[in-house]
$ cat query_23.csv   # CSV, C-alpha atoms and all ligand atoms
chain,number,residue,atom,x,y,z
A,1,MET,CA,-5.0,9.4,4.3
A,2,PRO,CA,-2.3,8.0,6.6
A,3,GLY,CA,1.1,8.2,5.0
A,4,GLY,CA,-0.6,9.3,1.7
A,5,ILE,CA,-2.3,6.0,1.4
A,6,GLU,CA,-6.0,6.2,0.4
A,7,ILE,CA,-8.5,4.3,2.4
A,8,LYS,CA,-11.3,3.1,0.0
A,9,THR,CA,-14.9,2.9,0.9
A,10,ARG,CA,-17.0,-0.2,0.5
A,11,ASP,CA,-18.5,1.3,-2.7
A,12,GLU,CA,-15.1,2.1,-4.1
A,13,ILE,CA,-13.9,-1.5,-3.4
A,14,ALA,CA,-17.1,-2.8,-5.1
A,15,TYR,CA,-16.2,-0.7,-8.2
A,16,MET,CA,-12.6,-2.0,-8.1
A,17,ARG,CA,-14.0,-5.5,-7.8
A,18,GLU,CA,-15.9,-5.0,-11.1
A,19,ALA,CA,-12.9,-3.8,-12.9
A,20,SER,CA,-10.8,-6.6,-11.4
A,21,LEU,CA,-13.1,-9.4,-12.4
A,22,ILE,CA,-13.0,-8.2,-16.0
A,23,VAL,CA,-9.2,-8.4,-15.8
A,24,TYR,CA,-9.5,-12.0,-14.4
A,25,GLU,CA,-11.9,-13.0,-17.2
A,26,VAL,CA,-9.8,-11.5,-20.0
A,27,LEU,CA,-6.7,-13.2,-18.6
A,28,ASP,CA,-8.6,-16.4,-18.7
A,29,GLU,CA,-9.6,-15.9,-22.3
A,30,LEU,CA,-6.0,-15.1,-23.2
A,31,THR,CA,-4.7,-18.1,-21.3
A,32,ARG,CA,-7.0,-20.3,-23.4
A,33,ALA,CA,-5.9,-18.7,-26.6
A,34,VAL,CA,-2.2,-19.2,-25.9
A,35,ALA,CA,-0.6,-21.8,-28.3
A,36,PRO,CA,2.3,-22.2,-30.6
A,37,GLY,CA,1.9,-20.0,-33.7
A,38,VAL,CA,-0.3,-17.4,-32.1
A,39,THR,CA,1.1,-13.9,-32.3
A,40,LEU,CA,1.3,-11.4,-29.4
A,41,GLU,CA,-0.7,-8.9,-31.5
A,42,GLU,CA,-3.5,-11.5,-31.8
A,43,LEU,CA,-3.5,-11.8,-28.0
A,44,ASP,CA,-3.6,-8.0,-27.7
A,45,SER,CA,-6.7,-7.9,-30.0
A,46,ILE,CA,-8.5,-10.5,-27.9
A,47,ALA,CA,-7.8,-8.5,-24.7
A,48,GLU,CA,-9.3,-5.4,-26.3
A,49,ARG,CA,-12.4,-7.2,-27.7
A,50,GLU,CA,-13.1,-9.1,-24.5
A,51,THR,CA,-12.7,-6.0,-22.3
A,52,VAL,CA,-15.0,-3.8,-24.5
A,53,ARG,CA,-17.6,-6.6,-24.6
A,54,ARG,CA,-17.7,-6.5,-20.8
A,55,GLY,CA,-18.1,-2.8,-20.5
A,56,GLY,CA,-14.5,-2.1,-19.4
A,57,VAL,CA,-11.8,0.2,-20.7
A,58,CYS,CA,-8.3,-1.1,-21.5
A,59,ALA,CA,-6.3,0.7,-18.8
A,60,PHE,CA,-2.8,0.5,-20.2
A,61,LYS,CA,-3.5,1.8,-23.7
A,62,GLY,CA,-1.9,5.3,-23.8
A,63,LEU,CA,-0.9,5.2,-20.1
A,64,TYR,CA,2.5,6.9,-19.8
A,65,GLY,CA,2.4,6.5,-23.6
A,66,PHE,CA,2.2,2.7,-23.8
A,67,PRO,CA,1.2,1.8,-27.4
A,68,LYS,CA,-0.9,-1.4,-26.9
A,69,ASN,CA,-3.7,-2.8,-24.7
A,70,ILE,CA,-1.7,-5.4,-22.7
A,71,CYS,CA,1.8,-5.9,-21.6
A,72,ILE,CA,3.1,-9.3,-22.9
A,73,SER,CA,6.7,-10.3,-22.0
A,74,VAL,CA,8.3,-13.5,-23.2
A,75,ASN,CA,11.1,-15.6,-21.6
A,76,GLU,CA,13.9,-13.3,-20.5
A,77,GLN,CA,11.5,-10.3,-20.8
A,78,VAL,CA,10.3,-9.4,-17.3
A,79,VAL,CA,7.6,-6.8,-17.7
A,80,HIS,CA,6.2,-4.1,-20.0
A,81,GLY,CA,6.7,-6.1,-23.2
A,82,ILE,CA,4.9,-4.6,-26.3
A,83,PRO,CA,2.8,-7.0,-28.3
A,84,THR,CA,4.3,-7.5,-31.8
A,85,ARG,CA,3.9,-10.0,-34.6
A,86,ARG,CA,6.2,-12.4,-32.8
A,87,LYS,CA,4.8,-15.9,-32.9
A,88,LEU,CA,4.7,-18.0,-29.7
A,89,VAL,CA,6.7,-21.2,-29.9
A,90,GLU,CA,6.5,-24.4,-27.7
A,91,GLY,CA,8.5,-23.8,-24.5
A,92,ASP,CA,8.0,-20.1,-24.3
A,93,LEU,CA,7.3,-18.6,-20.8
A,94,LEU,CA,4.7,-15.9,-21.3
A,95,LYS,CA,3.9,-13.1,-18.9
A,96,LEU,CA,0.5,-11.5,-19.4
A,97,ASP,CA,0.0,-8.2,-17.4
A,98,TYR,CA,-3.3,-6.6,-17.8
A,99,GLY,CA,-5.4,-3.7,-16.3
A,100,VAL,CA,-9.0,-2.5,-16.8
A,101,ILE,CA,-10.9,0.6,-15.8
A,102,LYS,CA,-14.6,0.4,-14.8
A,103,HIS,CA,-16.5,3.2,-13.1
A,104,GLY,CA,-13.2,5.1,-13.0
A,105,TYR,CA,-11.5,2.5,-10.9
A,106,TYR,CA,-8.6,0.2,-11.8
A,107,GLY,CA,-8.0,-3.5,-11.5
A,108,ASP,CA,-4.5,-4.9,-12.3
A,109,SER,CA,-3.3,-8.5,-12.5
A,110,ALA,CA,-0.6,-10.6,-14.2
A,111,ARG,CA,0.1,-14.3,-14.7
A,112,THR,CA,2.8,-16.4,-16.2
A,113,VAL,CA,1.6,-18.9,-18.8
A,114,ALA,CA,3.6,-21.8,-20.2
A,115,VAL,CA,3.4,-22.3,-24.0
A,116,GLY,CA,3.0,-26.0,-24.4
A,117,LYS,CA,5.7,-28.0,-22.5
A,118,VAL,CA,8.4,-25.8,-20.9
A,119,SER,CA,11.7,-26.8,-19.2
A,120,PRO,CA,11.6,-28.1,-15.6
A,121,ASP,CA,13.4,-24.8,-14.6
A,122,ALA,CA,10.8,-22.7,-16.3
A,123,SER,CA,8.0,-24.8,-14.8
A,124,ARG,CA,9.4,-24.5,-11.2
A,125,LEU,CA,10.0,-20.7,-11.6
A,126,LEU,CA,6.4,-20.2,-12.7
A,127,GLU,CA,5.0,-22.2,-9.9
A,128,GLU,CA,7.2,-20.8,-7.1
A,129,THR,CA,6.5,-17.3,-8.2
A,130,ARG,CA,2.8,-18.0,-8.1
A,131,VAL,CA,3.2,-19.4,-4.6
A,132,ALA,CA,5.3,-16.4,-3.5
A,133,LEU,CA,2.5,-14.1,-4.5
A,134,GLU,CA,0.1,-16.1,-2.3
A,135,LYS,CA,2.5,-15.8,0.6
A,136,GLY,CA,2.7,-12.1,0.1
A,137,ILE,CA,-1.1,-11.8,0.0
A,138,ALA,CA,-1.4,-13.8,3.2
A,139,ALA,CA,0.7,-11.1,5.0
A,140,MET,CA,-1.9,-8.5,4.1
A,141,VAL,CA,-3.7,-8.4,7.4
A,142,PRO,CA,-4.5,-5.2,9.4
A,143,GLY,CA,-1.7,-4.3,11.7
A,144,ASN,CA,1.1,-5.9,9.6
A,145,ARG,CA,3.5,-3.6,7.9
A,146,ILE,CA,4.0,-3.2,4.1
A,147,SER,CA,7.4,-4.8,4.5
A,148,ASP,CA,5.8,-8.0,5.8
A,149,ILE,CA,4.6,-8.6,2.3
A,150,GLY,CA,8.0,-8.5,0.7
A,151,SER,CA,9.6,-10.4,3.6
A,152,ALA,CA,7.1,-13.3,3.0
A,153,ILE,CA,7.9,-13.3,-0.8
A,154,GLU,CA,11.6,-13.2,-0.2
A,155,ALA,CA,11.5,-16.0,2.4
A,156,HIS,CA,9.7,-18.2,-0.1
A,157,VAL,CA,11.9,-17.6,-3.2
A,158,SER,CA,15.4,-17.3,-1.5
A,159,PRO,CA,15.9,-21.0,-0.9
A,160,PHE,CA,15.6,-21.5,-4.7
A,161,GLY,CA,18.4,-19.0,-5.4
A,162,TYR,CA,16.1,-16.9,-7.5
A,163,GLY,CA,16.7,-13.2,-8.1
A,164,ILE,CA,14.0,-10.8,-6.9
A,165,VAL,CA,13.6,-7.8,-9.3
A,166,ARG,CA,14.2,-4.6,-7.3
A,167,ASP,CA,13.7,-1.9,-9.9
A,168,TYR,CA,10.0,-2.5,-10.1
A,169,VAL,CA,7.6,-3.0,-7.2
A,170,GLY,CA,3.9,-3.4,-6.3
A,171,HIS,CA,1.8,-0.4,-5.6
A,172,GLY,CA,-1.4,1.1,-4.2
A,173,ILE,CA,-4.2,1.2,-6.7
A,174,GLY,CA,-7.6,2.9,-7.0
A,175,LYS,CA,-8.6,5.8,-9.2
A,176,LYS,CA,-5.1,5.7,-10.5
A,177,LEU,CA,-3.1,2.6,-11.5
A,178,HIS,CA,-0.2,3.6,-9.4
A,179,GLU,CA,-0.8,5.0,-5.9
A,180,GLU,CA,1.1,5.1,-2.7
A,181,PRO,CA,2.6,3.0,-1.2
A,182,GLN,CA,5.3,1.3,-3.1
A,183,VAL,CA,5.4,-2.4,-2.2
A,184,PRO,CA,8.8,-4.0,-2.6
A,185,ASN,CA,8.9,-7.8,-3.2
A,186,TYR,CA,11.9,-8.1,-0.8
A,187,GLY,CA,12.5,-7.7,2.9
A,188,LEU,CA,13.5,-4.6,4.9
A,189,SER,CA,17.3,-5.3,4.6
A,190,LEU,CA,17.1,-4.3,0.9
A,191,TRP,CA,14.9,-1.2,1.4
A,192,SER,CA,16.2,2.2,0.6
A,193,ARG,CA,16.6,4.4,3.7
A,194,GLY,CA,13.6,6.4,4.7
A,195,GLN,CA,11.1,4.5,2.6
A,196,PRO,CA,7.7,4.6,4.3
A,197,ASN,CA,6.6,1.4,5.9
A,198,PRO,CA,3.2,2.0,7.3
A,199,ARG,CA,0.9,-0.6,8.9
A,200,MET,CA,-1.9,-1.9,6.8
A,201,ARG,CA,-5.4,-0.9,7.5
A,202,PRO,CA,-8.8,-2.1,6.3
A,203,GLY,CA,-9.7,-0.2,3.1
A,204,MET,CA,-6.2,-0.1,1.7
A,205,VAL,CA,-6.0,-1.7,-1.8
A,206,LEU,CA,-2.7,-2.9,-3.1
A,207,ALA,CA,-1.4,-4.6,-6.3
A,208,ILE,CA,1.2,-7.1,-5.2
A,209,GLU,CA,3.4,-8.3,-8.1
A,210,PRO,CA,6.6,-10.4,-7.5
A,211,MET,CA,8.9,-10.4,-10.6
A,212,ILE,CA,11.2,-13.4,-10.0
A,213,ASN,CA,14.3,-14.3,-12.1
A,214,LEU,CA,16.0,-17.6,-12.6
A,215,GLY,CA,19.3,-15.8,-12.3
A,216,THR,CA,20.4,-12.3,-11.4
A,217,HIS,CA,17.9,-9.8,-10.0
A,218,GLU,CA,19.4,-7.2,-12.3
A,219,VAL,CA,17.4,-5.9,-15.3
A,220,ASP,CA,17.8,-3.6,-18.3
A,221,THR,CA,15.3,-1.8,-20.5
A,222,LEU,CA,15.5,-2.5,-24.3
A,223,PRO,CA,15.9,0.4,-26.8
A,224,ASP,CA,12.1,0.4,-27.4
A,225,GLY,CA,12.0,2.2,-24.0
A,226,TRP,CA,9.5,-0.3,-22.5
A,227,THR,CA,10.6,-3.9,-22.5
A,228,VAL,CA,12.4,-4.9,-19.3
A,229,VAL,CA,14.7,-7.9,-19.6
A,230,THR,CA,16.9,-9.8,-17.3
A,231,ARG,CA,20.6,-8.7,-17.6
A,232,ASP,CA,21.8,-12.3,-17.8
A,233,GLY,CA,19.1,-13.3,-20.4
A,234,LYS,CA,17.7,-16.0,-18.1
A,235,LEU,CA,14.0,-16.5,-17.6
A,236,SER,CA,11.6,-14.4,-15.5
A,237,SER,CA,8.2,-15.0,-14.0
A,238,HIS,CA,5.6,-12.4,-12.9
A,239,TRP,CA,2.3,-12.9,-11.0
A,240,GLU,CA,0.1,-10.1,-9.7
A,241,HIS,CA,-3.2,-9.6,-8.0
A,242,THR,CA,-5.2,-6.6,-6.8
A,243,ILE,CA,-6.1,-7.1,-3.1
A,244,ALA,CA,-8.1,-5.2,-0.6
A,245,VAL,CA,-7.1,-5.3,3.1
A,246,THR,CA,-10.3,-6.0,5.2
A,247,GLU,CA,-11.1,-6.7,8.8
A,248,ASN,CA,-11.4,-10.3,7.8
A,249,GLY,CA,-8.0,-10.5,6.1
A,250,PRO,CA,-7.0,-10.0,2.4
A,251,GLN,CA,-9.7,-10.0,-0.3
A,252,VAL,CA,-8.3,-10.8,-3.7
A,253,LEU,CA,-10.3,-8.7,-6.1
A,254,THR,CA,-8.8,-10.1,-9.3
A,255,ARG,CA,-10.2,-13.6,-9.0
A,256,PRO,CA,-13.7,-14.9,-8.3
B,301,MG,MG,0.1,-5.2,-13.7
B,302,MG,MG,0.8,-3.5,-11.1

$ encode --input "query_23.csv" --output "structure tokens"
Amino acid sequence: MPGGIEIKTRDEIAYMREASLIVYEVLDELTRAVAPGVTLEELDSIAERETVRRGGVCAFKGLYGFPKNICISVNEQVVHGIPTRRKLVEGDLLKLDYGVIKHGYYGDSARTVAVGKVSPDASRLLEETRVALEKGIAAMVPGNRISDIGSAIEAHVSPFGYGIVRDYVGHGIGKKLHEEPQVPNYGLSLWSRGQPNPRMRPGMVLAIEPMINLGTHEVDTLPDGWTVVTRDGKLSSHWEHTIAVTENGPQVLTRP
């Protein structure tokens, strides 16, 4: 366990692959269900039903006390939104963040979904955050350091003037949702002093999850104790995959 980071066996990664593919399929089902008039609670019910049908366990329900199955955040909400009876309307920017347990192992993934036609600003934020995640994933090769992931993400989004959320970061994942190491979505110049920055090795599994804001990087938590929102009320986008480091480069577990 170098630097407290677990190295997973091939079997463990296979288990994580099973959990992760359920996450992918459920997110696909939800993406298809998204439409004006649909409530967030309805999406929460679909997530539960489609997970149980596939032999998985909804990972977020009850974790740290979270009351629902899936985190759904709308527009200026960044992460950890609690599904309510709120109805989606045309133009909403929806973040679906979902986790599943199978065989005791976790998979974790998030995507941003446009409800009908969204503004050009929203559309570009969605797309560039998605691309930033891909840039971060591409940096996950053995021998690179953890900071190379955030540097790649920052290099991609900085020219757009976007704010990179600093208060929440990616993470190791395995038999627990959140394991070592923390994986910031920004380069070393913003890291806190003394934060570990180990080299990546085959068998490490990380959840990389850039949270990118149209305006300021600063966020607040609503009085419900969960929902994280942008301080300036501008839009936010969030994309996440669970990825294994292998000798042959990154293997994204949360997509086929
Ligand atoms: Mg997640
Ligand atoms: Mg995560």

$ residues_near_ligand --input "query_23.csv" --ligand "ligand MG 301 (chain B)" --cutoff "7 Å" --atoms "all atoms listed in the file" --output "PyMOL selection string"
chain A and resi 97-99+108-110+240

$ closest_atom_pairs --input "query_23.csv" --of "chain A" --to "ligand MG 302 (chain B)" --cutoff "10 Å" --atoms "only C-alpha atoms and all ligand atoms" --output "Markdown table"
| residue | atom | partner | partner_atom | distance |
| --- | --- | --- | --- | --- |
| A:Asp97 | CA | B:MG302 | MG | 7.9 |
| A:Tyr98 | CA | B:MG302 | MG | 8.4 |
| A:Gly99 | CA | B:MG302 | MG | 8.1 |
| A:Gly107 | CA | B:MG302 | MG | 8.8 |
| A:Asp108 | CA | B:MG302 | MG | 5.6 |
| A:Ser109 | CA | B:MG302 | MG | 6.6 |
| A:Ala110 | CA | B:MG302 | MG | 7.9 |
| A:Tyr168 | CA | B:MG302 | MG | 9.3 |
| A:Val169 | CA | B:MG302 | MG | 7.9 |
| A:Gly170 | CA | B:MG302 | MG | 5.7 |
| A:His171 | CA | B:MG302 | MG | 6.4 |
| A:Gly172 | CA | B:MG302 | MG | 8.6 |
| A:Ile173 | CA | B:MG302 | MG | 8.2 |
| A:Leu177 | CA | B:MG302 | MG | 7.3 |
| A:His178 | CA | B:MG302 | MG | 7.4 |
| A:Leu206 | CA | B:MG302 | MG | 8.8 |
| A:Ala207 | CA | B:MG302 | MG | 5.4 |
| A:Ile208 | CA | B:MG302 | MG | 6.9 |
| A:Glu209 | CA | B:MG302 | MG | 6.2 |
| A:Pro210 | CA | B:MG302 | MG | 9.7 |
| A:Trp239 | CA | B:MG302 | MG | 9.5 |
| A:Glu240 | CA | B:MG302 | MG | 6.8 |
| A:His241 | CA | B:MG302 | MG | 7.9 |
| A:Thr242 | CA | B:MG302 | MG | 8.0 |

$ atom_distance --input "query_23.csv" --atom1 "CA of Leu93 (chain A)" --atom2 "CA of Val74 (chain A)"
5.7 Å

$ closest_atom_pairs --input "query_23.csv" --of "region 5-68 of chain A" --to "region 226-229 of chain A" --cutoff "10 Å" --atoms "all atoms listed in the file" --output "Markdown table"
| residue | atom | partner | partner_atom | distance |
| --- | --- | --- | --- | --- |
| A:Gly65 | CA | A:Trp226 | CA | 9.9 |
| A:Phe66 | CA | A:Trp226 | CA | 8.0 |
| A:Pro67 | CA | A:Trp226 | CA | 9.9 |

$ atom_distance --input "query_23.csv" --atom1 "CA of Leu235 (chain A)" --atom2 "CA of Gln77 (chain A)"
7.4 Å

$ closest_residue --input "query_23.csv" --among "A:Asn144, A:Asn213, A:Thr39, A:Ser192" --to "Val157 (chain A)" --atoms "all atoms listed in the file"
A:Asn213

$ closest_residue --input "query_23.csv" --among "A:Thr246, A:Thr254, A:Thr112, A:Thr51" --to "Asn75 (chain A)" --atoms "all atoms listed in the file"
A:Thr112

$ closest_residue --input "query_23.csv" --among "A:Ile70, A:Leu21, A:Ala132, A:Leu88" --to "Pro159 (chain A)" --atoms "all atoms listed in the file"
A:Ala132

$ closest_residue --input "query_23.csv" --among "A:Leu125, A:Met16, A:Ala152, A:Tyr105" --to "Ala138 (chain A)" --atoms "only C-alpha atoms"
A:Ala152

$ residues_near_point --input "query_23.csv" --point "(4.7, -17.9, -19.7)" --cutoff "12 Å" --atoms "only C-alpha atoms" --output "tab-separated table (two decimals) with C-alpha atoms, keeping the file's coordinate frame"
chain	number	residue	atom	x	y	z
A	30	LEU	CA	-6.00	-15.10	-23.20
A	31	THR	CA	-4.70	-18.10	-21.30
A	34	VAL	CA	-2.20	-19.20	-25.90
A	35	ALA	CA	-0.60	-21.80	-28.30
A	36	PRO	CA	2.30	-22.20	-30.60
A	72	ILE	CA	3.10	-9.30	-22.90
A	73	SER	CA	6.70	-10.30	-22.00
A	74	VAL	CA	8.30	-13.50	-23.20
A	75	ASN	CA	11.10	-15.60	-21.60
A	76	GLU	CA	13.90	-13.30	-20.50
A	77	GLN	CA	11.50	-10.30	-20.80
A	78	VAL	CA	10.30	-9.40	-17.30
A	79	VAL	CA	7.60	-6.80	-17.70
A	88	LEU	CA	4.70	-18.00	-29.70
A	89	VAL	CA	6.70	-21.20	-29.90
A	90	GLU	CA	6.50	-24.40	-27.70
A	91	GLY	CA	8.50	-23.80	-24.50
A	92	ASP	CA	8.00	-20.10	-24.30
A	93	LEU	CA	7.30	-18.60	-20.80
A	94	LEU	CA	4.70	-15.90	-21.30
A	95	LYS	CA	3.90	-13.10	-18.90
A	96	LEU	CA	0.50	-11.50	-19.40
A	97	ASP	CA	0.00	-8.20	-17.40
A	110	ALA	CA	-0.60	-10.60	-14.20
A	111	ARG	CA	0.10	-14.30	-14.70
A	112	THR	CA	2.80	-16.40	-16.20
A	113	VAL	CA	1.60	-18.90	-18.80
A	114	ALA	CA	3.60	-21.80	-20.20
A	115	VAL	CA	3.40	-22.30	-24.00
A	116	GLY	CA	3.00	-26.00	-24.40
A	117	LYS	CA	5.70	-28.00	-22.50
A	118	VAL	CA	8.40	-25.80	-20.90
A	119	SER	CA	11.70	-26.80	-19.20
A	122	ALA	CA	10.80	-22.70	-16.30
A	123	SER	CA	8.00	-24.80	-14.80
A	124	ARG	CA	9.40	-24.50	-11.20
A	125	LEU	CA	10.00	-20.70	-11.60
A	126	LEU	CA	6.40	-20.20	-12.70
A	127	GLU	CA	5.00	-22.20	-9.90
A	129	THR	CA	6.50	-17.30	-8.20
A	130	ARG	CA	2.80	-18.00	-8.10
A	235	LEU	CA	14.00	-16.50	-17.60
A	236	SER	CA	11.60	-14.40	-15.50
A	237	SER	CA	8.20	-15.00	-14.00
A	238	HIS	CA	5.60	-12.40	-12.90
A	239	TRP	CA	2.30	-12.90	-11.00

$ closest_residue --input "query_23.csv" --among "A:Ile101, A:Ile46, A:Ile13, A:Ala244" --to "Leu63 (chain A)" --atoms "only C-alpha atoms"
A:Ile101

$ residues_around --input "query_23.csv" --residues "Glu50 (chain A)" --least-positions-apart "2" --cutoff "12 Å" --atoms "all atoms listed in the file" --output "PyMOL selection string"
chain A and resi 22-30+43-48+52-58+69+100

$ atom_distance --input "query_23.csv" --atom1 "CA of Ile137 (chain A)" --atom2 "CA of Ile149 (chain A)"
6.9 Å

$ closest_residue --input "query_23.csv" --among "A:Ile164, A:Glu180, A:Arg49, A:Asp224" --to "Gln195 (chain A)" --atoms "all atoms listed in the file"
A:Glu180

$ residues_around --input "query_23.csv" --residues "Glu154 (chain A)" --least-positions-apart "5" --cutoff "7 Å" --atoms "only C-alpha atoms" --output "number ranges by chain"
A: 185-187

$ residues_near_point --input "query_23.csv" --point "(-11.3, -11.4, 7.0)" --cutoff "12 Å" --atoms "all atoms listed in the file" --output "ChimeraX atom specification"
/A:138,140-142,202-203,244-252

$ decode --input "query_23.csv" --residues "region 167-175 of chain A" --atoms "all heavy atoms" --output "PDB file, in the first residue's frame"
ATOM      1  N   ASP A 167     -13.115  22.723  -3.362  1.00  0.00           N
ATOM      2  CA  ASP A 167     -13.515  22.138  -2.080  1.00  0.00           C
ATOM      3  C   ASP A 167     -13.868  20.655  -2.190  1.00  0.00           C
ATOM      4  O   ASP A 167     -13.984  19.970  -1.168  1.00  0.00           O
ATOM      5  CB  ASP A 167     -14.729  22.889  -1.504  1.00  0.00           C
ATOM      6  CG  ASP A 167     -14.395  24.319  -1.122  1.00  0.00           C
ATOM      7  OD1 ASP A 167     -13.231  24.727  -1.333  1.00  0.00           O
ATOM      8  OD2 ASP A 167     -15.293  25.037  -0.625  1.00  0.00           O
ATOM      9  N   TYR A 168     -14.076  20.167  -3.398  1.00  0.00           N
ATOM     10  CA  TYR A 168     -14.395  18.761  -3.611  1.00  0.00           C
ATOM     11  C   TYR A 168     -13.476  18.230  -4.699  1.00  0.00           C
ATOM     12  O   TYR A 168     -13.191  18.937  -5.666  1.00  0.00           O
ATOM     13  CB  TYR A 168     -15.875  18.584  -3.993  1.00  0.00           C
ATOM     14  CG  TYR A 168     -16.776  19.110  -2.907  1.00  0.00           C
ATOM     15  CD1 TYR A 168     -17.159  20.456  -2.894  1.00  0.00           C
ATOM     16  CD2 TYR A 168     -17.181  18.285  -1.869  1.00  0.00           C
ATOM     17  CE1 TYR A 168     -17.954  20.956  -1.865  1.00  0.00           C
ATOM     18  CE2 TYR A 168     -17.967  18.780  -0.835  1.00  0.00           C
ATOM     19  CZ  TYR A 168     -18.353  20.121  -0.843  1.00  0.00           C
ATOM     20  OH  TYR A 168     -19.111  20.613   0.181  1.00  0.00           O
ATOM     21  N   VAL A 169     -13.031  16.976  -4.519  1.00  0.00           N
ATOM     22  CA  VAL A 169     -12.002  16.430  -5.396  1.00  0.00           C
ATOM     23  C   VAL A 169     -12.317  14.971  -5.730  1.00  0.00           C
ATOM     24  O   VAL A 169     -13.203  14.362  -5.115  1.00  0.00           O
ATOM     25  CB  VAL A 169     -10.617  16.515  -4.721  1.00  0.00           C
ATOM     26  CG1 VAL A 169     -10.217  17.976  -4.498  1.00  0.00           C
ATOM     27  CG2 VAL A 169     -10.589  15.740  -3.408  1.00  0.00           C
ATOM     28  N   GLY A 170     -11.589  14.425  -6.687  1.00  0.00           N
ATOM     29  CA  GLY A 170     -11.689  13.009  -6.991  1.00  0.00           C
ATOM     30  C   GLY A 170     -11.010  12.190  -5.899  1.00  0.00           C
ATOM     31  O   GLY A 170     -10.413  12.737  -4.969  1.00  0.00           O
ATOM     32  N   HIS A 171     -11.047  10.856  -6.065  1.00  0.00           N
ATOM     33  CA  HIS A 171     -10.655   9.990  -4.950  1.00  0.00           C
ATOM     34  C   HIS A 171     -10.333   8.581  -5.405  1.00  0.00           C
ATOM     35  O   HIS A 171     -10.835   8.122  -6.438  1.00  0.00           O
ATOM     36  CB  HIS A 171     -11.808   9.934  -3.935  1.00  0.00           C
ATOM     37  CG  HIS A 171     -13.152   9.631  -4.574  1.00  0.00           C
ATOM     38  ND1 HIS A 171     -13.651   8.359  -4.665  1.00  0.00           N
ATOM     39  CD2 HIS A 171     -14.074  10.436  -5.179  1.00  0.00           C
ATOM     40  CE1 HIS A 171     -14.832   8.390  -5.283  1.00  0.00           C
ATOM     41  NE2 HIS A 171     -15.112   9.644  -5.616  1.00  0.00           N
ATOM     42  N   GLY A 172      -9.532   7.891  -4.590  1.00  0.00           N
ATOM     43  CA  GLY A 172      -9.412   6.451  -4.752  1.00  0.00           C
ATOM     44  C   GLY A 172     -10.745   5.802  -4.448  1.00  0.00           C
ATOM     45  O   GLY A 172     -11.588   6.371  -3.754  1.00  0.00           O
ATOM     46  N   ILE A 173     -10.951   4.583  -4.985  1.00  0.00           N
ATOM     47  CA  ILE A 173     -12.231   3.892  -4.799  1.00  0.00           C
ATOM     48  C   ILE A 173     -11.994   2.394  -4.827  1.00  0.00           C
ATOM     49  O   ILE A 173     -11.066   1.932  -5.498  1.00  0.00           O
ATOM     50  CB  ILE A 173     -13.240   4.344  -5.888  1.00  0.00           C
ATOM     51  CG1 ILE A 173     -14.588   3.626  -5.739  1.00  0.00           C
ATOM     52  CG2 ILE A 173     -12.676   4.174  -7.303  1.00  0.00           C
ATOM     53  CD1 ILE A 173     -15.692   4.203  -6.625  1.00  0.00           C
ATOM     54  N   GLY A 174     -12.815   1.652  -4.095  1.00  0.00           N
ATOM     55  CA  GLY A 174     -12.656   0.202  -4.037  1.00  0.00           C
ATOM     56  C   GLY A 174     -13.736  -0.416  -3.171  1.00  0.00           C
ATOM     57  O   GLY A 174     -14.915  -0.380  -3.523  1.00  0.00           O
ATOM     58  N   LYS A 175     -13.325  -0.965  -2.022  1.00  0.00           N
ATOM     59  CA  LYS A 175     -14.312  -1.491  -1.084  1.00  0.00           C
ATOM     60  C   LYS A 175     -14.969  -0.362  -0.300  1.00  0.00           C
ATOM     61  O   LYS A 175     -15.936  -0.572   0.416  1.00  0.00           O
ATOM     62  CB  LYS A 175     -13.652  -2.484  -0.116  1.00  0.00           C
ATOM     63  CG  LYS A 175     -13.545  -3.884  -0.710  1.00  0.00           C
ATOM     64  CD  LYS A 175     -12.936  -4.867   0.253  1.00  0.00           C
ATOM     65  CE  LYS A 175     -11.453  -4.638   0.374  1.00  0.00           C
ATOM     66  NZ  LYS A 175     -10.698  -5.839   0.750  1.00  0.00           N
TER      67      LYS A 175
END
